[in-house]
Structures are given as structure tokens and as C-alpha cells.
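Asker: Please read through the structure below; I'll follow up with questions.
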Amino acid sequence: MKVPLLRRSAAALTAVLIFVSQSFAVAIVPLPQPTGWNMFSPEQDIQVGKQNAAEVRKMMPILPDSNPVSQYIRQLGQKLQSTMPQPTWPYEFHVVQQKDVNAFALPGGPVFVNLGTIQAAQNEAQLAGVMAHEMSHVYERHSTKQASKQAAAQVPLGVLGALLGGGLAGTAARLGLQFGAGSIFLKYSRDMESQADAVGARIMYNAGYDPVQLAVFFQNLEKESGSGSQFFSDHPNPGNREQAIKKEIAEFPPKNFIENSPAFTTAHQQAMSIKAYTAEQIQQHAYGAQAGGPEGISGAIPATSSAFETLNHNAYDISYPNDWHVYGDQNSAVTIAPEGGVSQNAVAYGAIINGTDTQNAGNLNDAVQQLVSSLQQSNPGLKAISNSDITVNGVKGKSVDLAGNSPIQGQRERDWLVALPRRDGSLVYAVFIAPDKDFPQLRPTYERMLKSWKIK
């Protein structure tokens, strides 16, 4: 998907495009061109957004899309989206049954609005403002820009290019680049908040809502809950919000703004009658009572089915337990993990399969050593403890056992790396992962997966 960009200049900031319909004129102001370095492509933004949206659905109580409140939020979001440069991001809109006033957006388009936000909004314009603000984070690609900076600080750019290649799922997890609810990449800087306010104000204006209502909502929230609100934890107040928004829209043509609608009144009443959960209740429901690991990882050996199914990737075929989840697609890096094996920033149980070009493709030993070094750079404390030859379905490769720190607190991790060369000189590799104490029990599963692995 190609997202059109508009040039931004001093003149463009105040320029107004007038679109004339059959019977009326609507003032439309252009959105600024997103700027800043990003190692992710727009297509990869969409990919990681879809992958993490699926995880959010597992971790949080999402109101069914068929619910009237969900339908209203989707219609409101589509109204805002319709005024943006087309084609735009494939936005989706969902409602989380959470009491806390908050909302978040994942890269590429998924937007989640807490039930508490709908309940707290005094009119449709305020709710539209919160949604436009979140849509602006997607439009400006704030999450993946932050992730790009962190990854570049951890891993040399040349290694990043080799690791990420055409896909993200497995390697991104190893680099800590998960974007689900609560991710550090959804906690924005004050500059990003100011930018989202400015872009959100334009989206609101174009859709017929007074942008000042966005600032009013935040002011009301701060009066009621103070700066300790979860919303301000993720969206720090840039200061002088109302003044900055008024300055942004000062030269926009006058417009008769929409403040409320019968649809909002109905949806607001319905939202007040729906059960909502606290963050603590959601955490207990999603993660269970077992402690010791980060969110999403229980610290116990996951269940593994004896029935296997096959993943047909463009570079290989591999079988895996049919009750495990596949993150990624046939063109990308892939993580295959059991329920509870992956958290927002780590893999504790499962397999990561990826490919990389190397500078030493003619020498398998050197190529594998380069790969191990790149893994060690992104995983401090990771050490190779053995290295041997291996043949997998007629392809001669290398097997490396590594040891490091497990994401489960207080435990060591065992990683079994198997790297195989392809005919084009690149490498395909799999890393089978488990806490050291659990690895022997999972090794038969990993060996069965390895035996099925056929390089194309």
C-alpha cells in the first residue's frame, strides 16, 4: 500500500482546498507530510499492526464488532478517515471493555478505544477528537519511528538490514519490537503528542468537529483524575494544549461545527450499561495467577499437541504443533510459539525462523559466526556453548547451542540455532527457545519440527 504524502511548506500550512459537492461547499485543510527516519516500510507497519492486534484480542476484553457501541465507533472512525488523503492507512476501530479512560493505536491502522473513554466524553466532538488524535499517531508513524531509533541504538544498521530483510515477526520479537497494548512504543514523547494534536485538529476540522473540543476533553480528564491518569502515562501532556490547537486552526475558514448527534447520545447510554473491567482485572484474566515472567508469559511449560500441521513459507516448509500460533506470513520472518510463549518484547518458548544475507556466504562457518555475533548484539549475555555440523533433509548446515538470560525472571535460557544455506548463498536459520530447565522436555517437539524442515 502506498500512502500519499503532501508537501508541507509555510504556505501549505494555511492553504485551504475547497471541495464543491453538488449542493454545498466544504472547507478541507491539508494534512502535513510525515517526516523522520523509519526503517519500517508502510507495508511492514500494516503487518506488525495486524500481528499485534491479534495479540491484543487475546489479552484484552474486546467488545464484539457486532455490538451497537462498536458499530458506532467504527462509523465515527470511518467518518474521520474519509476526509484524509486517499488511499490512507487501513484503519480499524474497536472498543476495549476497560474502565480506564484511554485509547491506543497500533502501526498501520488498528485503533482501540476504551469503554471508559466513551463514557467520559461529554459530546461526539470530544470522542472524535480522541480518535483523531490516535489516528494521527498512525498517520505520522510514531510507533515505528520510535522502534527504529531504539533498534538502531542496539544493533548496527547493516545488521538490522540483514535481520529484518523482508519480514519482521520473529526478529522483531527478539529485538523487543512488539507493539501491543502497554508497549513502550505506544508511550509517546511530548513532541509526538503535540504533533498528534496538530494533525488530529485538522482531521477533526475536516470532518466538521471543533478541534478545541479535543483540548477540552483532556482538560476535563486532568481535572477529574490528575496527571496520574493512564491516558497521560501513555500520552504526556505537551502543555498549553488549548492554546496550541487554537493557533493551529486560527487561519482555517469559519465552519458550523458538529458538537453532538443522536447516534452519540444513544451509544453513550449503551456504553454506560456495559460491564467494564479495571486494568488489574484484565491483567489477572489475561495472564493468570502465575508470576515470574513478563506480561503474556506464564513461566510454566506450555501444552503441546502431538498433532502437527505444515507452514508453507516461500523459503521453506516446516511442521509444528497445531495448537501453537504462527506470527508472520509466507514472505516474512516467522515466530511459532505456544499460548503464553511470547510476551510483548520477548520469546520464552517457541521457534523463530528467519533468513539473512551474509557477507561470507561462500564460507558457511564464517556466515554462521556472523549470524551468531548479530544475535549476541541484540541479546546481551548470549553465549555459544557448542558448535557442530548438521544435515537436515539433505542440506548440510550448522548447529549451535547458545545460553543466555530468559525473559522469565530468574531463569536461564537455552537457544538451539540451526542454520542452513540456500542456493542463492543466503542463510535460513531457526532458533528453538526454552528456559534451560524446560528445554529437554520440549526438545522432542523441536527435533520433530527440524526433521520436517525443507528448504526451497
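Residue numbers start at 1 in each chain; chains themselves are named A, B, ... in the order of the C-alpha cells; ligands are numbered from 1 in the order shown.
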Can you list every residue in segment 33-176 of chain A that DSSP puts in strand (DSSP E or B), as a ChimeraX atom specification?
Answerer: /A:62,92-96,98,103-105,110-114
Asker: Which residue, A:Ala430, A:Ala121, A:Leu382, A:Met449, has the smallest gap to Leu311 of chain A when you use only C-alpha atoms?
Answerer: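 Between A:Ala430, A:Ala121, A:Leu382, A:Met449, the residue approaching Leu311 of chain A most closely is A:Met449.
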Asker: Find the spatial neighbours of Ser148 of chain A, counting only C-alpha atoms, within a cut-off of 8 Å - ignore same-chain residues fewer than 6 positions away - and output them as number ranges by chain.
Answerer: A: 37-40
Asker: Can you tell me, as an MDAnalysis selection string, what residues are no more than 7 Å from Val101 of chain A when counting only C-alpha atoms, ignoring any on the same chain fewer than 5 positions away?
Answerer: chainID A and resid 114 116:117 231
Asker: Limited to C-alpha atoms, could you put the picked residues into a file as a PDB file, in the first residue's frame?
Answerer:
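Everything below was put into selection-v7.pdb:
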ATOM      1  CA  ASN A 114     -11.594   2.076  25.977  1.00  0.00           C
ATOM      2  CA  GLY A 116     -14.284   4.382  29.823  1.00  0.00           C
ATOM      3  CA  THR A 117     -13.356   6.956  27.179  1.00  0.00           C
ATOM      4  CA  PHE A 231      -4.006   8.257  29.411  1.00  0.00           C
TER       5      PHE A 231
END
